[in-house]
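Working notes for the structure below.
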Amino acid sequence: MTKILIIDDSPEDREFLTDLAEQAGTTECHAFSEAKPAIEFLAKNGADAIFLDHKLDPEISLVHIPRIRRLAPDAEIVLVTGHRIFGLDRLVQRFSLRLFLKDNLNVETVARIIGHV
């Protein structure tokens with residue numbers, strides 16, 4: 001069973017990522033608009049892969065990503081961004097994240113990501 005967690009404040013992006021994950025064969029997909037309830041869910045239920053909007057809130061890189069990594073040390077964590085931003089590469093390396101531009105995400109890419117879990 002593949003459990004996917006999507007954390008994005010945009011309803012359109014949550015729907016887009018949920019659709020991609022379902023088309024890619026995800027058996028369980030949970031989407032949240034805010035980090036805190038998503039992290040509470042993660043602490044209780046775990047996840048195999050997490051798609052995370054890097055602009056979700058100001059605490060995303062300092063507080064939420066380290067906590068998500070501690071709660072899900074083996075999960076694939078995908079930081080989704082609309083465009084390249086200076087400094088994201090350091091964050092990606094520090095917490096073993098994957099970085100994808102939203103425009104480059106498609107069913108095949110999501111299938112490869114969830115295929116690694």
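Labels used: A, B, ... for chains in the order of the structure tokens, numbers from 1 for residues in each chain, and numbers from 1 for ligands as shown.
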
I'd like a table as a Markdown table: residues in stretch 38-105 of chain A with an atom no more than 8 Å from stretch 3-12 of chain A, each row giving the shortest atom pair and its distance in Å to one decimal, only C-alpha atoms counted, sorted by chain and rising residue number.
| residue | atom | partner | partner_atom | distance |
| --- | --- | --- | --- | --- |
| A:Ala38 | CA | A:Ile7 | CA | 6.8 |
| A:Leu42 | CA | A:Leu5 | CA | 8.0 |
| A:Gly46 | CA | A:Lys3 | CA | 7.9 |
| A:Ala47 | CA | A:Lys3 | CA | 5.1 |
| A:Asp48 | CA | A:Lys3 | CA | 5.2 |
| A:Ala49 | CA | A:Ile4 | CA | 5.0 |
| A:Ile50 | CA | A:Leu5 | CA | 4.7 |
| A:Phe51 | CA | A:Ile6 | CA | 4.8 |
| A:Leu52 | CA | A:Ile7 | CA | 4.9 |
| A:Asp53 | CA | A:Asp8 | CA | 5.0 |
| A:Leu56 | CA | A:Asp9 | CA | 6.1 |

Preceding selection exported with N, CA and C atoms as a PDB file, in the first residue's frame:
ATOM      1  N   ALA A  38      -1.526  18.459   8.808  1.00  0.00           N
ATOM      2  CA  ALA A  38      -0.870  17.403   8.020  1.00  0.00           C
ATOM      3  C   ALA A  38       0.200  16.705   8.845  1.00  0.00           C
ATOM      4  N   LEU A  42       0.481  12.884   9.907  1.00  0.00           N
ATOM      5  CA  LEU A  42       1.709  12.130   9.646  1.00  0.00           C
ATOM      6  C   LEU A  42       2.209  11.435  10.911  1.00  0.00           C
ATOM      7  N   GLY A  46       1.704   8.053   9.472  1.00  0.00           N
ATOM      8  CA  GLY A  46       2.844   7.853   8.579  1.00  0.00           C
ATOM      9  C   GLY A  46       2.484   8.155   7.130  1.00  0.00           C
ATOM     10  N   ALA A  47       3.489   8.095   6.274  1.00  0.00           N
ATOM     11  CA  ALA A  47       3.297   8.283   4.827  1.00  0.00           C
ATOM     12  C   ALA A  47       4.525   7.738   4.116  1.00  0.00           C
ATOM     13  N   ASP A  48       4.306   7.277   2.903  1.00  0.00           N
ATOM     14  CA  ASP A  48       5.403   6.771   2.087  1.00  0.00           C
ATOM     15  C   ASP A  48       6.043   7.875   1.254  1.00  0.00           C
ATOM     16  N   ALA A  49       5.226   8.829   0.845  1.00  0.00           N
ATOM     17  CA  ALA A  49       5.719   9.961   0.052  1.00  0.00           C
ATOM     18  C   ALA A  49       4.925  11.203   0.440  1.00  0.00           C
ATOM     19  N   ILE A  50       5.622  12.338   0.438  1.00  0.00           N
ATOM     20  CA  ILE A  50       5.005  13.598   0.839  1.00  0.00           C
ATOM     21  C   ILE A  50       5.322  14.644  -0.218  1.00  0.00           C
ATOM     22  N   PHE A  51       4.283  15.277  -0.750  1.00  0.00           N
ATOM     23  CA  PHE A  51       4.439  16.368  -1.706  1.00  0.00           C
ATOM     24  C   PHE A  51       4.131  17.654  -0.949  1.00  0.00           C
ATOM     25  N   LEU A  52       5.080  18.572  -0.943  1.00  0.00           N
ATOM     26  CA  LEU A  52       5.021  19.730  -0.076  1.00  0.00           C
ATOM     27  C   LEU A  52       5.249  21.012  -0.868  1.00  0.00           C
ATOM     28  N   ASP A  53       4.323  21.949  -0.754  1.00  0.00           N
ATOM     29  CA  ASP A  53       4.465  23.258  -1.376  1.00  0.00           C
ATOM     30  C   ASP A  53       5.507  24.043  -0.587  1.00  0.00           C
ATOM     31  N   LEU A  56       4.303  27.251   1.457  1.00  0.00           N
ATOM     32  CA  LEU A  56       3.119  27.052   2.293  1.00  0.00           C
ATOM     33  C   LEU A  56       2.997  28.087   3.412  1.00  0.00           C
TER      34      LEU A  56
END

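The shell of residues at most 10 Å from A:Glu22, with only C-alpha atoms counted and near chain neighbours (fewer than 4 positions) removed, consists of Ile4, Leu17, Thr18, Thr26, Thr27, Glu28, Cys29, Val107, Val110 and Ala111 of chain A.
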
Take the residues just selected and output them with C-alpha atoms as a PDB file, in the first residue's frame.
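File out.pdb, as written:
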ATOM      1  CA  ILE A   4       0.729   9.791  -0.101  1.00  0.00           C
ATOM      2  CA  LEU A  17      -1.333  16.474  -7.218  1.00  0.00           C
ATOM      3  CA  THR A  18      -4.081  14.194  -5.904  1.00  0.00           C
ATOM      4  CA  THR A  26      -1.478   5.497  -5.196  1.00  0.00           C
ATOM      5  CA  THR A  27      -3.726   3.453  -2.968  1.00  0.00           C
ATOM      6  CA  GLU A  28      -4.212   6.097  -0.283  1.00  0.00           C
ATOM      7  CA  CYS A  29      -3.916   9.865  -0.742  1.00  0.00           C
ATOM      8  CA  VAL A 107       1.832  10.947 -14.036  1.00  0.00           C
ATOM      9  CA  VAL A 110       4.831  10.742  -9.769  1.00  0.00           C
ATOM     10  CA  ALA A 111       4.774   7.020 -10.620  1.00  0.00           C
TER      11      ALA A 111
END

Q. Among stretch 1-99 of chain A, which residues carry a DSSP assignment of strand (DSSP E), reported as a list in words?
A. Lys3, Ile4, Leu5, Ile6, Ile7, Glu28, Cys29, His30, Ala31, Phe32, Ala49, Ile50, Phe51, Leu52, Asp53, Glu76, Ile77, Val78, Leu79, Val80, Thr81, Arg98 and Leu99 of chain A

Written selection (N, CA and C atoms) as a short mmCIF file (atom, residue, chain, number, x, y, z; two decimals), in the first residue's frame:
data_model
loop_
_atom_site.label_atom_id
_atom_site.label_comp_id
_atom_site.auth_asym_id
_atom_site.auth_seq_id
_atom_site.Cartn_x
_atom_site.Cartn_y
_atom_site.Cartn_z
N LYS A 3 0.99 5.19 0.66
CA LYS A 3 0.26 6.28 1.30
C LYS A 3 0.96 7.60 0.96
N ILE A 4 0.21 8.50 0.33
CA ILE A 4 0.73 9.79 -0.10
C ILE A 4 0.11 10.90 0.74
N LEU A 5 0.93 11.86 1.12
CA LEU A 5 0.48 13.03 1.84
C LEU A 5 0.80 14.26 0.98
N ILE A 6 -0.20 15.09 0.76
CA ILE A 6 -0.03 16.31 -0.04
C ILE A 6 -0.32 17.50 0.86
N ILE A 7 0.62 18.45 0.90
CA ILE A 7 0.45 19.64 1.72
C ILE A 7 0.64 20.85 0.82
N GLU A 28 -3.65 5.26 -1.35
CA GLU A 28 -4.21 6.10 -0.28
C GLU A 28 -3.58 7.48 -0.39
N CYS A 29 -4.41 8.51 -0.55
CA CYS A 29 -3.92 9.86 -0.74
C CYS A 29 -4.66 10.81 0.20
N HIS A 30 -3.91 11.59 0.96
CA HIS A 30 -4.49 12.54 1.91
C HIS A 30 -3.93 13.92 1.60
N ALA A 31 -4.81 14.91 1.42
CA ALA A 31 -4.38 16.26 1.06
C ALA A 31 -4.79 17.24 2.16
N PHE A 32 -3.87 18.16 2.47
CA PHE A 32 -4.09 19.16 3.50
C PHE A 32 -3.71 20.53 2.97
N ALA A 49 5.23 8.83 0.84
CA ALA A 49 5.72 9.96 0.05
C ALA A 49 4.93 11.20 0.44
N ILE A 50 5.62 12.34 0.44
CA ILE A 50 5.00 13.60 0.84
C ILE A 50 5.32 14.64 -0.22
N PHE A 51 4.28 15.28 -0.75
CA PHE A 51 4.44 16.37 -1.71
C PHE A 51 4.13 17.65 -0.95
N LEU A 52 5.08 18.57 -0.94
CA LEU A 52 5.02 19.73 -0.08
C LEU A 52 5.25 21.01 -0.87
N ASP A 53 4.32 21.95 -0.75
CA ASP A 53 4.46 23.26 -1.38
C ASP A 53 5.51 24.04 -0.59
N GLU A 76 9.81 9.52 0.80
CA GLU A 76 10.22 10.43 -0.27
C GLU A 76 9.52 11.75 0.00
N ILE A 77 10.28 12.82 0.16
CA ILE A 77 9.69 14.13 0.37
C ILE A 77 10.00 14.97 -0.85
N VAL A 78 8.94 15.42 -1.50
CA VAL A 78 9.08 16.18 -2.74
C VAL A 78 8.67 17.63 -2.48
N LEU A 79 9.60 18.52 -2.64
CA LEU A 79 9.34 19.95 -2.52
C LEU A 79 8.91 20.45 -3.88
N VAL A 80 7.69 20.96 -3.96
CA VAL A 80 7.12 21.41 -5.23
C VAL A 80 7.18 22.93 -5.27
N THR A 81 7.71 23.46 -6.36
CA THR A 81 7.84 24.91 -6.51
C THR A 81 7.40 25.34 -7.90
N ARG A 98 13.49 15.81 -2.64
CA ARG A 98 13.49 15.93 -4.10
C ARG A 98 12.85 17.27 -4.42
N LEU A 99 13.33 17.91 -5.44
CA LEU A 99 12.80 19.22 -5.84
C LEU A 99 12.25 19.10 -7.25
#

Q | Backbone DSSP call of alpha helix (DSSP H) for chain A, listed as a PyMOL selection string | A | chain A and resi 11-23+35-45+65-71+88-94+107-115

Dump as a compact mmCIF listing (two decimals), in the first residue's frame, selection limited to N, CA and C atoms:
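Wrote selection04.txt, looks like this:
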# COMPACT_ATOMS: atom_id res chain seq x y z
N PRO A 11 -6.07 25.03 -3.53
CA PRO A 11 -6.99 23.93 -3.82
C PRO A 11 -6.74 23.31 -5.20
N GLU A 12 -6.40 24.15 -6.17
CA GLU A 12 -6.14 23.64 -7.52
C GLU A 12 -4.90 22.75 -7.54
N ASP A 13 -3.85 23.17 -6.84
CA ASP A 13 -2.63 22.36 -6.80
C ASP A 13 -2.84 21.06 -6.02
N ARG A 14 -3.61 21.12 -4.92
CA ARG A 14 -3.92 19.89 -4.18
C ARG A 14 -4.67 18.91 -5.07
N GLU A 15 -5.65 19.42 -5.82
CA GLU A 15 -6.42 18.56 -6.71
C GLU A 15 -5.54 18.00 -7.82
N PHE A 16 -4.68 18.84 -8.39
CA PHE A 16 -3.76 18.41 -9.44
C PHE A 16 -2.84 17.30 -8.94
N LEU A 17 -2.25 17.49 -7.77
CA LEU A 17 -1.33 16.47 -7.22
C LEU A 17 -2.08 15.21 -6.81
N THR A 18 -3.28 15.36 -6.27
CA THR A 18 -4.08 14.19 -5.90
C THR A 18 -4.43 13.39 -7.15
N ASP A 19 -4.85 14.07 -8.21
CA ASP A 19 -5.16 13.38 -9.47
C ASP A 19 -3.95 12.63 -10.01
N LEU A 20 -2.79 13.29 -10.00
CA LEU A 20 -1.57 12.64 -10.49
C LEU A 20 -1.23 11.41 -9.66
N ALA A 21 -1.33 11.55 -8.34
CA ALA A 21 -1.00 10.42 -7.46
C ALA A 21 -1.96 9.26 -7.69
N GLU A 22 -3.24 9.55 -7.85
CA GLU A 22 -4.21 8.47 -8.08
C GLU A 22 -3.99 7.81 -9.44
N GLN A 23 -3.70 8.60 -10.47
CA GLN A 23 -3.43 8.05 -11.79
C GLN A 23 -2.14 7.21 -11.79
N ALA A 35 0.13 23.00 7.11
CA ALA A 35 1.16 22.06 7.56
C ALA A 35 0.83 21.41 8.90
N LYS A 36 0.32 22.18 9.85
CA LYS A 36 0.14 21.62 11.19
C LYS A 36 -0.80 20.42 11.24
N PRO A 37 -2.01 20.48 10.64
CA PRO A 37 -2.85 19.27 10.67
C PRO A 37 -2.24 18.12 9.86
N ALA A 38 -1.53 18.46 8.81
CA ALA A 38 -0.87 17.40 8.02
C ALA A 38 0.20 16.71 8.85
N ILE A 39 0.95 17.47 9.62
CA ILE A 39 2.00 16.88 10.47
C ILE A 39 1.39 16.04 11.57
N GLU A 40 0.25 16.49 12.12
CA GLU A 40 -0.45 15.67 13.12
C GLU A 40 -0.89 14.35 12.51
N PHE A 41 -1.43 14.41 11.28
CA PHE A 41 -1.83 13.19 10.58
C PHE A 41 -0.61 12.29 10.36
N LEU A 42 0.48 12.88 9.91
CA LEU A 42 1.71 12.13 9.65
C LEU A 42 2.21 11.43 10.91
N ALA A 43 2.17 12.13 12.03
CA ALA A 43 2.64 11.55 13.29
C ALA A 43 1.82 10.32 13.69
N LYS A 44 0.53 10.33 13.38
CA LYS A 44 -0.34 9.22 13.75
C LYS A 44 -0.38 8.11 12.72
N ASN A 45 -0.23 8.47 11.42
CA ASN A 45 -0.50 7.51 10.36
C ASN A 45 0.68 7.20 9.45
N ILE A 65 9.79 21.20 7.70
CA ILE A 65 10.55 20.17 6.99
C ILE A 65 11.39 19.33 7.94
N PRO A 66 12.12 19.93 8.89
CA PRO A 66 12.86 19.06 9.83
C PRO A 66 11.94 18.13 10.62
N ARG A 67 10.77 18.63 11.01
CA ARG A 67 9.84 17.79 11.77
C ARG A 67 9.27 16.68 10.90
N ILE A 68 8.92 17.01 9.66
CA ILE A 68 8.42 15.99 8.73
C ILE A 68 9.48 14.92 8.51
N ARG A 69 10.73 15.32 8.33
CA ARG A 69 11.81 14.35 8.10
C ARG A 69 11.98 13.46 9.33
N ARG A 70 11.89 14.01 10.54
CA ARG A 70 12.01 13.19 11.75
C ARG A 70 10.86 12.19 11.86
N LEU A 71 9.64 12.63 11.49
CA LEU A 71 8.48 11.76 11.58
C LEU A 71 8.45 10.69 10.49
N LEU A 88 17.14 26.90 -2.26
CA LEU A 88 16.40 25.64 -2.13
C LEU A 88 17.32 24.43 -2.25
N ASP A 89 18.38 24.54 -3.04
CA ASP A 89 19.28 23.39 -3.21
C ASP A 89 19.90 22.97 -1.88
N ARG A 90 20.24 23.94 -1.04
CA ARG A 90 20.80 23.61 0.28
C ARG A 90 19.78 22.89 1.15
N LEU A 91 18.54 23.35 1.10
CA LEU A 91 17.47 22.71 1.85
C LEU A 91 17.24 21.29 1.36
N VAL A 92 17.24 21.12 0.05
CA VAL A 92 17.04 19.81 -0.56
C VAL A 92 18.14 18.84 -0.11
N GLN A 93 19.38 19.29 -0.13
CA GLN A 93 20.49 18.43 0.28
C GLN A 93 20.46 18.12 1.77
N ARG A 94 20.19 19.13 2.57
CA ARG A 94 20.21 18.96 4.02
C ARG A 94 19.21 17.93 4.51
N VAL A 107 2.14 12.28 -14.57
CA VAL A 107 1.83 10.95 -14.04
C VAL A 107 3.08 10.07 -13.99
N GLU A 108 3.89 10.11 -15.03
CA GLU A 108 5.09 9.26 -15.08
C GLU A 108 6.07 9.63 -13.97
N THR A 109 6.26 10.93 -13.75
CA THR A 109 7.18 11.38 -12.69
C THR A 109 6.68 10.94 -11.32
N VAL A 110 5.40 11.15 -11.06
CA VAL A 110 4.83 10.74 -9.77
C VAL A 110 4.92 9.23 -9.62
N ALA A 111 4.67 8.48 -10.67
CA ALA A 111 4.77 7.02 -10.62
C ALA A 111 6.19 6.59 -10.26
N ARG A 112 7.19 7.27 -10.82
CA ARG A 112 8.59 6.95 -10.47
C ARG A 112 8.87 7.27 -9.02
N ILE A 113 8.36 8.38 -8.54
CA ILE A 113 8.58 8.77 -7.14
C ILE A 113 7.95 7.76 -6.20
N ILE A 114 6.69 7.43 -6.43
CA ILE A 114 6.03 6.49 -5.51
C ILE A 114 6.51 5.06 -5.74
N GLY A 115 7.11 4.81 -6.88
CA GLY A 115 7.70 3.49 -7.13
C GLY A 115 8.95 3.24 -6.29

Q. So how many Å separate atom CA of A:Val63 and atom CA of A:Thr2, to one decimal?
A. 25.7 Å

**Q.** Distance in Å - atom CA of A:Phe100 versus atom CA of A:Lys55
**A.**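 If I compute the distance from atom CA of A:Phe100 to atom CA of A:Lys55, I get 13.3 Å.
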